[in-house]
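Colleague: Have a peek at my_file_35.cif (mmCIF, C-alpha atoms and all ligand atoms).
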data_input
#
loop_
_atom_site.label_atom_id
_atom_site.label_comp_id
_atom_site.auth_asym_id
_atom_site.auth_seq_id
_atom_site.Cartn_x
_atom_site.Cartn_y
_atom_site.Cartn_z
CA MET E 1 -8.33 6.15 19.57
CA PRO E 2 -5.14 5.86 21.57
CA ASP E 3 -3.20 9.04 22.47
CA ASP E 4 -0.36 8.15 20.15
CA ALA E 5 -2.70 7.97 17.13
CA ILE E 6 -4.24 11.44 17.49
CA VAL E 7 -1.72 13.32 15.36
CA ALA E 8 -1.92 10.74 12.58
CA HIS E 9 -5.71 11.02 12.55
CA GLU E 10 -5.52 14.81 12.37
CA MET E 11 -3.07 14.63 9.50
CA GLY E 12 -5.30 12.18 7.68
CA ILE E 13 -8.29 14.46 8.09
CA ALA E 14 -6.28 17.51 6.96
CA ASN E 15 -5.22 15.70 3.79
CA ALA E 16 -8.79 14.60 3.08
CA LEU E 17 -10.14 18.12 3.60
CA ALA E 18 -7.50 19.58 1.30
CA ALA E 19 -8.27 17.10 -1.46
CA GLY E 20 -12.04 17.58 -1.28
CA TYR E 21 -11.98 21.33 -0.89
CA ALA E 22 -9.53 21.87 -3.75
CA LEU E 23 -12.09 20.27 -6.04
CA LEU E 24 -14.97 22.33 -4.64
CA GLU E 25 -12.97 25.53 -5.19
CA ARG E 26 -12.59 24.59 -8.84
CA GLY E 27 -16.35 24.18 -9.18
CA ALA E 28 -16.44 20.39 -8.94
CA THR E 29 -19.54 18.66 -7.62
CA ALA E 30 -20.12 17.65 -4.02
CA VAL E 31 -19.97 14.01 -5.17
CA ASP E 32 -16.49 14.59 -6.65
CA ALA E 33 -15.31 16.22 -3.43
CA VAL E 34 -16.70 13.51 -1.17
CA GLU E 35 -15.23 10.76 -3.32
CA ALA E 36 -11.80 12.43 -3.28
CA ALA E 37 -11.81 13.05 0.47
CA VAL E 38 -12.87 9.50 1.25
CA ALA E 39 -10.28 8.04 -1.14
CA VAL E 40 -7.50 9.95 0.65
CA MET E 41 -8.59 8.40 3.95
CA GLU E 42 -8.88 4.93 2.38
CA ASP E 43 -5.26 5.31 1.29
CA ASP E 44 -4.21 6.28 4.82
CA GLU E 45 -3.48 3.20 6.93
CA ILE E 46 -4.45 4.93 10.17
CA PHE E 47 -8.14 4.55 9.29
CA ASP E 48 -10.39 1.48 9.12
CA ALA E 49 -10.92 1.73 5.36
CA GLY E 50 -8.93 0.49 2.39
CA ARG E 51 -5.44 -0.78 3.28
CA GLY E 52 -5.10 -0.98 7.06
CA SER E 53 -8.73 -2.02 7.65
CA PHE E 54 -9.75 -4.29 10.51
CA LEU E 55 -9.52 -7.98 9.63
CA THR E 56 -12.24 -10.60 9.46
CA GLN E 57 -12.13 -13.72 11.60
CA ASP E 58 -10.12 -15.42 8.88
CA GLY E 59 -7.57 -12.61 8.56
CA ARG E 60 -8.81 -10.94 5.40
CA VAL E 61 -9.83 -7.37 4.58
CA GLN E 62 -13.49 -7.07 3.52
CA MET E 63 -14.70 -3.55 2.76
CA ASP E 64 -17.98 -1.70 2.24
CA ALA E 65 -18.62 1.80 0.81
CA LEU E 66 -21.51 4.01 -0.26
CA LEU E 67 -21.65 7.30 -2.19
CA MET E 68 -24.86 9.31 -2.63
CA ASP E 69 -25.69 12.42 -4.64
CA GLY E 70 -28.29 14.57 -2.89
CA SER E 71 -29.21 16.45 -6.07
CA ASN E 72 -30.81 13.45 -7.76
CA LEU E 73 -30.57 10.61 -5.19
CA ARG E 74 -28.24 8.65 -7.45
CA THR E 75 -26.38 6.17 -5.27
CA GLY E 76 -23.61 3.62 -5.59
CA GLY E 77 -22.73 0.99 -3.03
CA VAL E 78 -20.34 -1.95 -2.76
CA ALA E 79 -19.96 -4.46 0.05
CA CYS E 80 -17.69 -7.38 0.95
CA VAL E 81 -15.10 -6.34 -1.61
CA GLU E 82 -11.64 -7.79 -1.06
CA ARG E 83 -9.58 -6.82 -4.08
CA LEU E 84 -10.14 -3.07 -4.46
CA ARG E 85 -7.81 -0.50 -2.91
CA ASN E 86 -10.48 2.21 -3.07
CA PRO E 87 -14.01 0.90 -2.63
CA ILE E 88 -15.33 4.49 -2.82
CA HIS E 89 -14.17 4.67 -6.45
CA ALA E 90 -16.10 1.47 -7.15
CA ALA E 91 -19.14 3.04 -5.47
CA ARG E 92 -18.73 6.05 -7.77
CA LEU E 93 -18.67 3.79 -10.81
CA VAL E 94 -21.90 2.15 -9.66
CA LEU E 95 -23.47 5.58 -9.12
CA ASP E 96 -22.42 6.79 -12.56
CA HIS E 97 -22.73 3.72 -14.74
CA SER E 98 -25.26 1.27 -13.37
CA PRO E 99 -29.04 1.16 -13.21
CA HIS E 100 -28.45 -0.80 -10.00
CA VAL E 101 -27.55 0.75 -6.65
CA TYR E 102 -25.62 -1.93 -4.83
CA PHE E 103 -23.14 -4.67 -5.69
CA VAL E 104 -21.48 -7.18 -3.37
CA GLY E 105 -18.45 -9.47 -3.37
CA THR E 106 -17.03 -10.75 -6.62
CA GLY E 107 -19.86 -9.17 -8.62
CA ALA E 108 -18.83 -5.75 -7.28
CA GLU E 109 -15.19 -6.45 -8.09
CA ARG E 110 -16.08 -7.59 -11.59
CA PHE E 111 -18.17 -4.47 -12.17
CA ALA E 112 -15.28 -2.27 -10.99
CA ARG E 113 -12.79 -4.09 -13.20
CA GLN E 114 -15.09 -3.82 -16.22
CA HIS E 115 -15.14 -0.07 -15.62
CA GLY E 116 -11.38 0.30 -15.46
CA MET E 117 -10.37 -0.33 -11.86
CA ALA E 118 -7.40 -2.56 -11.10
CA LEU E 119 -7.88 -5.50 -8.78
CA CYS E 120 -5.26 -6.15 -6.09
CA ASP E 121 -4.37 -9.12 -3.96
CA ASN E 122 -6.18 -9.06 -0.60
CA MET E 123 -2.87 -9.44 1.24
CA GLU E 124 -1.77 -6.05 -0.14
CA LEU E 125 -4.49 -4.52 2.08
CA VAL E 126 -3.49 -6.43 5.24
CA ILE E 127 -0.96 -4.72 7.52
CA PRO E 128 0.96 -6.14 10.53
CA ARG E 129 -0.76 -3.79 13.02
CA GLU E 130 -4.10 -5.35 12.14
CA GLN E 131 -2.78 -8.91 12.20
CA GLU E 132 -1.56 -8.24 15.73
CA ARG E 133 -4.90 -6.67 16.72
CA LEU E 134 -6.81 -9.65 15.36
CA TYR E 135 -4.51 -12.07 17.14
CA LYS E 136 -5.14 -10.29 20.46
CA ALA E 137 -8.90 -10.17 19.89
CA GLN E 138 -9.05 -13.87 19.11
CA ALA E 139 -6.90 -14.68 22.15
CA ALA E 140 -9.34 -12.67 24.30
CA GLU E 141 -12.24 -14.56 22.75
CA LEU E 142 -10.61 -17.90 23.51
CA ALA E 143 -9.94 -16.76 27.07
CA GLY E 144 -13.67 -16.09 27.48
CA LEU E 145 -13.36 -12.33 28.02
CA PRO E 146 -16.54 -10.26 27.57
CA ASP E 147 -17.66 -10.03 23.97
CA GLU E 148 -17.14 -6.28 23.67
CA THR E 149 -13.39 -6.63 24.22
CA PHE E 150 -12.94 -8.54 20.99
CA SER E 151 -15.76 -7.56 18.69
CA GLY E 152 -18.58 -5.14 18.13
CA ASN E 153 -19.02 -2.26 20.47
CA LEU E 154 -15.55 -1.19 21.57
CA ASP E 155 -13.73 -2.00 18.36
CA SER E 156 -16.13 -0.33 15.97
CA HIS E 157 -14.24 2.76 14.95
CA ASP E 158 -12.20 4.54 12.34
CA THR E 159 -14.63 4.17 9.47
CA VAL E 160 -14.23 7.23 7.24
CA GLY E 161 -16.90 9.54 5.88
CA ALA E 162 -17.40 12.90 4.26
CA VAL E 163 -20.23 15.27 3.41
CA ALA E 164 -19.99 18.26 1.07
CA LEU E 165 -21.94 21.21 -0.33
CA ASP E 166 -20.87 22.52 -3.75
CA VAL E 167 -21.23 25.87 -5.55
CA HIS E 168 -24.26 24.53 -7.37
CA GLY E 169 -26.06 24.14 -4.04
CA ASN E 170 -25.97 20.34 -4.07
CA ILE E 171 -24.95 18.07 -1.21
CA ALA E 172 -23.43 14.58 -1.19
CA ALA E 173 -22.27 11.99 1.33
CA GLY E 174 -19.89 9.05 1.33
CA THR E 175 -18.81 6.41 3.84
CA SER E 176 -16.15 3.71 3.56
CA THR E 177 -15.13 1.01 6.02
CA GLY E 178 -13.33 -2.22 6.67
CA GLY E 179 -16.10 -2.99 9.16
CA THR E 180 -15.55 -4.26 12.67
CA LEU E 181 -12.64 -6.17 14.14
CA ASN E 182 -12.90 -9.96 13.96
CA LYS E 183 -16.17 -9.80 12.02
CA ALA E 184 -17.55 -12.95 10.46
CA PRO E 185 -16.74 -13.19 6.74
CA GLY E 186 -19.67 -11.84 4.75
CA ARG E 187 -20.92 -9.56 7.52
CA VAL E 188 -22.03 -6.15 6.23
CA GLY E 189 -22.40 -3.22 8.62
CA ASP E 190 -24.24 0.05 8.45
CA SER E 191 -21.66 2.07 6.52
CA SER E 192 -22.66 1.12 2.99
CA LEU E 193 -26.36 0.59 3.60
CA ILE E 194 -28.43 3.42 2.24
CA GLY E 195 -30.05 5.42 5.03
CA CYS E 196 -28.01 3.68 7.74
CA GLY E 197 -24.36 4.81 7.64
CA CYS E 198 -24.82 7.23 4.76
CA TYR E 199 -27.51 9.27 3.03
CA ALA E 200 -27.87 12.50 1.05
CA ASP E 201 -30.89 14.41 -0.22
CA ASN E 202 -30.95 18.11 -1.11
CA LEU E 203 -34.41 18.23 0.46
CA SER E 204 -33.05 17.26 3.89
CA ALA E 205 -29.32 16.78 4.56
CA ALA E 206 -26.19 14.73 3.91
CA VAL E 207 -24.99 12.38 6.62
CA SER E 208 -22.20 9.92 7.37
CA LEU E 209 -21.90 7.77 10.48
CA THR E 210 -19.34 5.65 12.21
CA GLY E 211 -19.68 3.30 15.15
CA TRP E 212 -21.12 -0.03 16.09
CA GLY E 213 -22.95 -0.90 12.89
CA GLU E 214 -25.65 -3.26 14.03
CA PRO E 215 -27.56 -0.78 16.24
CA ILE E 216 -27.14 1.95 13.61
CA MET E 217 -28.68 -0.35 10.99
CA LYS E 218 -31.59 -1.35 13.19
CA LEU E 219 -32.52 2.30 13.66
CA VAL E 220 -31.82 3.32 10.02
CA LEU E 221 -30.09 6.15 11.80
CA GLY E 222 -28.78 8.17 8.87
CA LYS E 223 -32.27 8.60 7.44
CA TRP E 224 -33.65 9.24 10.92
CA ALA E 225 -31.20 12.13 11.32
CA VAL E 226 -31.77 13.77 7.91
CA ASP E 227 -35.53 13.53 8.41
CA ARG E 228 -35.14 15.58 11.60
CA VAL E 229 -33.38 18.28 9.58
CA ALA E 230 -36.19 18.21 7.00
CA ALA E 231 -38.65 18.60 9.88
CA GLY E 232 -36.89 21.78 11.04
CA ASP E 233 -34.14 20.74 13.47
CA SER E 234 -30.73 22.32 13.00
CA PRO E 235 -28.09 19.83 11.81
CA GLN E 236 -26.34 20.14 15.18
CA ASP E 237 -29.52 19.36 17.12
CA ALA E 238 -30.34 16.47 14.78
CA ALA E 239 -26.81 15.06 15.09
CA GLN E 240 -26.94 15.12 18.88
CA ALA E 241 -30.48 13.71 18.91
CA ALA E 242 -29.39 10.81 16.66
CA ILE E 243 -26.53 9.83 18.95
CA ASP E 244 -28.75 10.16 22.03
CA TYR E 245 -31.38 7.99 20.35
CA LEU E 246 -28.77 5.39 19.36
CA PHE E 247 -27.67 5.04 22.95
CA ALA E 248 -31.09 5.33 24.61
CA ARG E 249 -32.75 2.82 22.33
CA LEU E 250 -30.03 0.20 21.82
CA GLY E 251 -27.01 1.18 23.92
CA GLY E 252 -25.09 1.91 20.72
CA HIS E 253 -21.96 3.97 20.30
CA GLY E 254 -21.11 6.06 17.29
CA GLY E 255 -20.34 9.36 15.67
CA ILE E 256 -22.17 11.41 13.04
CA ILE E 257 -21.49 14.31 10.67
CA LEU E 258 -24.48 16.06 9.16
CA LEU E 259 -24.67 18.89 6.59
CA GLY E 260 -27.71 20.77 5.35
CA PRO E 261 -28.09 22.29 1.86
CA ASP E 262 -27.89 25.73 3.51
CA GLY E 263 -24.35 25.01 4.75
CA ARG E 264 -25.24 24.51 8.40
CA PHE E 265 -23.64 21.41 9.82
CA GLY E 266 -23.55 19.35 12.98
CA MET E 267 -21.41 16.68 14.60
CA ALA E 268 -21.87 14.47 17.62
CA HIS E 269 -20.44 11.29 19.09
CA ASN E 270 -20.67 9.22 22.24
CA THR E 271 -17.46 7.34 21.58
CA PRO E 272 -14.54 8.50 23.75
CA ARG E 273 -13.07 10.40 20.82
CA MET E 274 -13.86 11.40 17.27
CA ALA E 275 -11.56 12.96 14.67
CA TRP E 276 -13.25 15.55 12.46
CA GLY E 277 -12.54 18.40 10.08
CA VAL E 278 -14.51 21.20 8.45
CA GLN E 279 -13.47 23.46 5.61
CA THR E 280 -15.39 26.52 4.47
CA THR E 281 -14.42 29.76 2.74
CA ALA E 282 -13.17 30.80 6.20
CA GLY E 283 -10.52 28.07 6.07
CA PRO E 284 -10.00 24.62 7.59
CA ARG E 285 -10.64 23.57 11.16
CA LEU E 286 -10.01 20.12 12.53
CA GLY E 287 -9.48 18.27 15.72
CA VAL E 288 -10.13 15.25 17.88
CA THR E 289 -12.96 15.81 20.32
CA ARG E 290 -13.10 13.97 23.58
CA ASN E 291 -16.31 12.82 25.19
CA GLU E 292 -15.86 12.86 28.95
CA GLN E 293 -19.00 10.82 29.67
CA SER E 294 -18.01 7.73 27.68
N1 LIG E 301 -19.84 1.20 11.33
C1 LIG E 301 -18.80 0.30 10.91
C2 LIG E 301 -19.37 -1.08 10.82
O1 LIG E 301 -20.12 -1.48 11.71
C3 LIG E 301 -17.61 0.30 11.77
C4 LIG E 301 -17.04 1.65 12.08
O2 LIG E 301 -17.73 2.65 12.00
O3 LIG E 301 -15.85 1.73 12.37
O4 LIG E 301 -19.03 -1.78 9.91
#
Give the structure from the file, written as structure tokens.
Ligand code: ASP
Modeller:
Amino acid sequence: MPDDAIVAHEMGIANALAAGYALLERGATAVDAVEAAVAVMEDDEIFDAGRGSFLTQDGRVQMDALLMDGSNLRTGGVACVERLRNPIHAARLVLDHSPHVYFVGTGAERFARQHGMALCDNMELVIPREQERLYKAQAAELAGLPDETFSGNLDSHDTVGAVALDVHGNIAAGTSTGGTLNKAPGRVGDSSLIGCGCYADNLSAAVSLTGWGEPIMKLVLGKWAVDRVAAGDSPQDAAQAAIDYLFARLGGHGGIILLGPDGRFGMAHNTPRMAWGVQTTAGPRLGVTRNEQS
């Protein structure tokens, strides 16, 4: 995250917190709050989700999202969608209205449309900043620069996620992404895969991850982290352990937010920076943490 984007990230997080928490204060479910918070960030071009997402190799936006209800394990996921402004709303429709858990591509778009969502043109989601970024990445690739300068590790960031605990004692998690810069069309990362970039279970914890998706998927890292909470770790210890494991095992980079059903939470990242926010009855707190080691 460049210096000049910090304030915009903080504002985006503040807006997401306000939207989610307002619902929780009115007695809404954790799923409602997570969906609302994620949708606000999808609508904000600063993040890699919804409009403003990273572009695929062929210059299109292709998005993935997952939403999970920890009270009953109901889950909705969509991947490789190109014509939905808010993939997290489509994930919610899957969670609420389908016996299936996961839809991809045109089938996901059709399902969303059948349940009332409008389809947009993919070019409405593409912004000039991302066209420029893709152009530079592809120029670097042509020039034979190291792979991580144009894809994967260094340009895996800005996925959005939220976790929430409601007055009923239930937790939920959601993650939404445009994936990685210059990804091959059809590539799906960790974000929308159950147990990888997102998971929620009242018996363990709710988790959302960002970062280089392929290592996170290989380690099924979201489930790994919530299982540590179920085994007795605090969410903060489990969050740090997950990021340490990601790096030690596969050299991966990422960030994690983790929330237990008792309200304890944890965050960790080994990326240079991560934007985060927390709201409790004590009020909102947010910031961009810097990781000096990375
Ligand atoms: N994890 C996402 C992916 O690999 C990227 C990100 O977190 O920014 O698709």
Colleague: For His157 in chain E, which residue among E:Gln131, E:Thr210, E:Gln138, E:Ser176 is the nearest when counting all atoms listed in the file?
Modeller: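 Selected residue with least distance to His157 in chain E: E:Thr210.
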Colleague: Give the answer as one residue: which of E:Leu259, E:Met217, E:Ala139, E:Val78 has the shortest atom-to-atom distance to ligand LIG 301 (chain E), using all atoms listed in the file?
Modeller: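 The closest residue to ligand LIG 301 (chain E) is E:Met217.
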Colleague: Around the point (-29.7, 6.9, 14.2), in the coordinates given by the file, pick out the residues reaching within 6 Å, counting all atoms listed in the file, and return them as number ranges by chain.
Modeller: E: 216, 219-222, 224, 242, 246
Colleague: What does the list of residues within 9 Å of ligand LIG 301 (chain E) look like if you count all atoms listed in the file, written as a PyMOL selection string?
Modeller: chain E and resi 47-49+54+63-64+152-153+155-160+176-181+183+187-192+197+209-217+254-255
Colleague: Deliver the residues from the most recent selection as a file, using C-alpha atoms, as a JSON list (two decimals), in the coordinates of the input.
Modeller:
[["chain", "number", "residue", "atom", "x", "y", "z"],
["E", 47, "PHE", "CA", -8.14, 4.55, 9.29],
["E", 48, "ASP", "CA", -10.39, 1.48, 9.12],
["E", 49, "ALA", "CA", -10.92, 1.73, 5.36],
["E", 54, "PHE", "CA", -9.75, -4.29, 10.51],
["E", 63, "MET", "CA", -14.70, -3.55, 2.76],
["E", 64, "ASP", "CA", -17.98, -1.70, 2.24],
["E", 152, "GLY", "CA", -18.58, -5.14, 18.13],
["E", 153, "ASN", "CA", -19.02, -2.26, 20.47],
["E", 155, "ASP", "CA", -13.73, -2.00, 18.36],
["E", 156, "SER", "CA", -16.13, -0.33, 15.97],
["E", 157, "HIS", "CA", -14.24, 2.76, 14.95],
["E", 158, "ASP", "CA", -12.20, 4.54, 12.34],
["E", 159, "THR", "CA", -14.63, 4.17, 9.47],
["E", 160, "VAL", "CA", -14.23, 7.23, 7.24],
["E", 176, "SER", "CA", -16.15, 3.71, 3.56],
["E", 177, "THR", "CA", -15.13, 1.01, 6.02],
["E", 178, "GLY", "CA", -13.33, -2.22, 6.67],
["E", 179, "GLY", "CA", -16.10, -2.99, 9.16],
["E", 180, "THR", "CA", -15.55, -4.26, 12.67],
["E", 181, "LEU", "CA", -12.64, -6.17, 14.14],
["E", 183, "LYS", "CA", -16.17, -9.80, 12.02],
["E", 187, "ARG", "CA", -20.92, -9.56, 7.52],
["E", 188, "VAL", "CA", -22.03, -6.15, 6.23],
["E", 189, "GLY", "CA", -22.40, -3.22, 8.62],
["E", 190, "ASP", "CA", -24.24, 0.05, 8.45],
["E", 191, "SER", "CA", -21.66, 2.07, 6.52],
["E", 192, "SER", "CA", -22.66, 1.12, 2.99],
["E", 197, "GLY", "CA", -24.36, 4.81, 7.64],
["E", 209, "LEU", "CA", -21.90, 7.77, 10.48],
["E", 210, "THR", "CA", -19.34, 5.65, 12.21],
["E", 211, "GLY", "CA", -19.68, 3.30, 15.15],
["E", 212, "TRP", "CA", -21.12, -0.03, 16.09],
["E", 213, "GLY", "CA", -22.95, -0.90, 12.89],
["E", 214, "GLU", "CA", -25.65, -3.26, 14.03],
["E", 215, "PRO", "CA", -27.56, -0.78, 16.24],
["E", 216, "ILE", "CA", -27.14, 1.95, 13.61],
["E", 217, "MET", "CA", -28.68, -0.35, 10.99],
["E", 254, "GLY", "CA", -21.11, 6.06, 17.29],
["E", 255, "GLY", "CA", -20.34, 9.36, 15.67]]
Colleague: Please provide the set of residues having any atom within 12 Å of Met123 in chain E, restricted to only C-alpha atoms, with same-chain residues fewer than 2 positions apart removed, written as a ChimeraX atom specification.
Modeller: /E:50-53,55,59-62,82-85,119-121,125-128,130-131
Colleague: Any chance you could tabulate, as a tab-separated table, the residues of range 40-119 of chain E at most 10 Å from range 166-175 of chain E with each one's nearest atom pair and distance in Å to one decimal, using all atoms listed in the file, in chain and rising number order?
Modeller:
residue	atom	partner	partner_atom	distance
E:Ala49	CA	E:Thr175	CA	9.3
E:Asp64	CA	E:Thr175	CA	8.3
E:Ala65	CA	E:Thr175	CA	5.5
E:Leu66	CA	E:Thr175	CA	5.5
E:Leu67	CA	E:Gly174	CA	4.3
E:Met68	CA	E:Ala173	CA	5.4
E:Asp69	CA	E:Ala172	CA	4.7
E:Gly70	CA	E:Ile171	CA	5.1
E:Ser71	CA	E:Asn170	CA	5.4
E:Asn72	CA	E:Asn170	CA	9.2
E:Leu73	CA	E:Ala172	CA	9.1
E:Arg74	CA	E:Ala172	CA	9.9
E:Thr75	CA	E:Gly174	CA	9.7
E:Gly76	CA	E:Gly174	CA	9.6
E:Gly77	CA	E:Thr175	CA	9.6
E:Pro87	CA	E:Thr175	CA	9.8
E:Ile88	CA	E:Gly174	CA	7.7
E:Ala91	CA	E:Gly174	CA	9.1
E:Arg92	CA	E:Gly174	CA	9.7
Colleague: Excluding Thr281 in chain E and its own-chain neighbours fewer than 4 positions away, which residues fall within 12 Å of it when counting all atoms listed in the file? Please give them as JSON, numbers by chain.
Modeller: {"E": [21, 22, 24, 25, 165, 166, 167, 263, 285]}
Colleague: Identify which of the residues E:Leu142, E:Leu134, E:Ala33, E:Val101 lies closest to Ala162 in chain E, counting only C-alpha atoms when measuring atom-to-atom distances.
Modeller: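 Going through E:Leu142, E:Leu134, E:Ala33, E:Val101 one by one, the smallest distance to Ala162 in chain E is for E:Ala33.
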Colleague: Using all atoms listed in the file and a cutoff of 10 Å, can you tell me which residues are near (-11.7, 14.9, 19.2) in the file's coordinates, and write them out as a PyMOL selection string?
Modeller: chain E and resi 1+6+9-10+269+271-277+286-291
Colleague: Would you kindly place N, CA and C atoms on range 224-246 of chain E and return the model as a PDB file, in the coordinates of the input?
Modeller:
ATOM      1  N   TRP E 224     -32.986   8.656   9.749  1.00  0.00           N
ATOM      2  CA  TRP E 224     -33.650   9.240  10.920  1.00  0.00           C
ATOM      3  C   TRP E 224     -33.129  10.667  11.150  1.00  0.00           C
ATOM      4  N   ALA E 225     -31.810  10.821  11.036  1.00  0.00           N
ATOM      5  CA  ALA E 225     -31.200  12.130  11.320  1.00  0.00           C
ATOM      6  C   ALA E 225     -31.552  13.158  10.242  1.00  0.00           C
ATOM      7  N   VAL E 226     -31.469  12.771   8.955  1.00  0.00           N
ATOM      8  CA  VAL E 226     -31.770  13.770   7.910  1.00  0.00           C
ATOM      9  C   VAL E 226     -33.249  14.141   7.932  1.00  0.00           C
ATOM     10  N   ASP E 227     -34.100  13.207   8.311  1.00  0.00           N
ATOM     11  CA  ASP E 227     -35.530  13.530   8.410  1.00  0.00           C
ATOM     12  C   ASP E 227     -35.782  14.585   9.490  1.00  0.00           C
ATOM     13  N   ARG E 228     -34.987  14.539  10.552  1.00  0.00           N
ATOM     14  CA  ARG E 228     -35.140  15.580  11.600  1.00  0.00           C
ATOM     15  C   ARG E 228     -34.773  16.951  11.036  1.00  0.00           C
ATOM     16  N   VAL E 229     -33.752  16.999  10.181  1.00  0.00           N
ATOM     17  CA  VAL E 229     -33.380  18.280   9.580  1.00  0.00           C
ATOM     18  C   VAL E 229     -34.513  18.761   8.670  1.00  0.00           C
ATOM     19  N   ALA E 230     -35.075  17.833   7.881  1.00  0.00           N
ATOM     20  CA  ALA E 230     -36.190  18.210   7.000  1.00  0.00           C
ATOM     21  C   ALA E 230     -37.379  18.722   7.814  1.00  0.00           C
ATOM     22  N   ALA E 231     -37.515  18.190   9.033  1.00  0.00           N
ATOM     23  CA  ALA E 231     -38.650  18.600   9.880  1.00  0.00           C
ATOM     24  C   ALA E 231     -38.373  19.908  10.623  1.00  0.00           C
ATOM     25  N   GLY E 232     -37.145  20.463  10.460  1.00  0.00           N
ATOM     26  CA  GLY E 232     -36.890  21.780  11.040  1.00  0.00           C
ATOM     27  C   GLY E 232     -35.785  21.846  12.079  1.00  0.00           C
ATOM     28  N   ASP E 233     -35.250  20.698  12.514  1.00  0.00           N
ATOM     29  CA  ASP E 233     -34.140  20.740  13.470  1.00  0.00           C
ATOM     30  C   ASP E 233     -32.891  21.311  12.786  1.00  0.00           C
ATOM     31  N   SER E 234     -32.039  21.954  13.552  1.00  0.00           N
ATOM     32  CA  SER E 234     -30.730  22.320  13.000  1.00  0.00           C
ATOM     33  C   SER E 234     -29.903  21.049  12.856  1.00  0.00           C
ATOM     34  N   PRO E 235     -28.940  21.024  11.926  1.00  0.00           N
ATOM     35  CA  PRO E 235     -28.090  19.830  11.810  1.00  0.00           C
ATOM     36  C   PRO E 235     -27.394  19.478  13.137  1.00  0.00           C
ATOM     37  N   GLN E 236     -26.998  20.474  13.904  1.00  0.00           N
ATOM     38  CA  GLN E 236     -26.340  20.140  15.180  1.00  0.00           C
ATOM     39  C   GLN E 236     -27.324  19.469  16.142  1.00  0.00           C
ATOM     40  N   ASP E 237     -28.537  19.992  16.231  1.00  0.00           N
ATOM     41  CA  ASP E 237     -29.520  19.360  17.120  1.00  0.00           C
ATOM     42  C   ASP E 237     -29.862  17.952  16.644  1.00  0.00           C
ATOM     43  N   ALA E 238     -29.999  17.793  15.326  1.00  0.00           N
ATOM     44  CA  ALA E 238     -30.340  16.470  14.780  1.00  0.00           C
ATOM     45  C   ALA E 238     -29.207  15.481  15.009  1.00  0.00           C
ATOM     46  N   ALA E 239     -27.963  15.946  14.876  1.00  0.00           N
ATOM     47  CA  ALA E 239     -26.810  15.060  15.090  1.00  0.00           C
ATOM     48  C   ALA E 239     -26.784  14.576  16.539  1.00  0.00           C
ATOM     49  N   GLN E 240     -26.964  15.502  17.460  1.00  0.00           N
ATOM     50  CA  GLN E 240     -26.940  15.120  18.880  1.00  0.00           C
ATOM     51  C   GLN E 240     -28.125  14.206  19.206  1.00  0.00           C
ATOM     52  N   ALA E 241     -29.288  14.536  18.643  1.00  0.00           N
ATOM     53  CA  ALA E 241     -30.480  13.710  18.910  1.00  0.00           C
ATOM     54  C   ALA E 241     -30.277  12.287  18.384  1.00  0.00           C
ATOM     55  N   ALA E 242     -29.615  12.150  17.241  1.00  0.00           N
ATOM     56  CA  ALA E 242     -29.390  10.810  16.660  1.00  0.00           C
ATOM     57  C   ALA E 242     -28.493   9.974  17.577  1.00  0.00           C
ATOM     58  N   ILE E 243     -27.439  10.580  18.078  1.00  0.00           N
ATOM     59  CA  ILE E 243     -26.530   9.830  18.950  1.00  0.00           C
ATOM     60  C   ILE E 243     -27.216   9.498  20.282  1.00  0.00           C
ATOM     61  N   ASP E 244     -28.002  10.427  20.784  1.00  0.00           N
ATOM     62  CA  ASP E 244     -28.750  10.160  22.030  1.00  0.00           C
ATOM     63  C   ASP E 244     -29.742   9.010  21.818  1.00  0.00           C
ATOM     64  N   TYR E 245     -30.411   9.035  20.677  1.00  0.00           N
ATOM     65  CA  TYR E 245     -31.380   7.990  20.350  1.00  0.00           C
ATOM     66  C   TYR E 245     -30.690   6.635  20.207  1.00  0.00           C
ATOM     67  N   LEU E 246     -29.535   6.630  19.545  1.00  0.00           N
ATOM     68  CA  LEU E 246     -28.770   5.390  19.360  1.00  0.00           C
ATOM     69  C   LEU E 246     -28.445   4.757  20.715  1.00  0.00           C
TER      70      LEU E 246
END
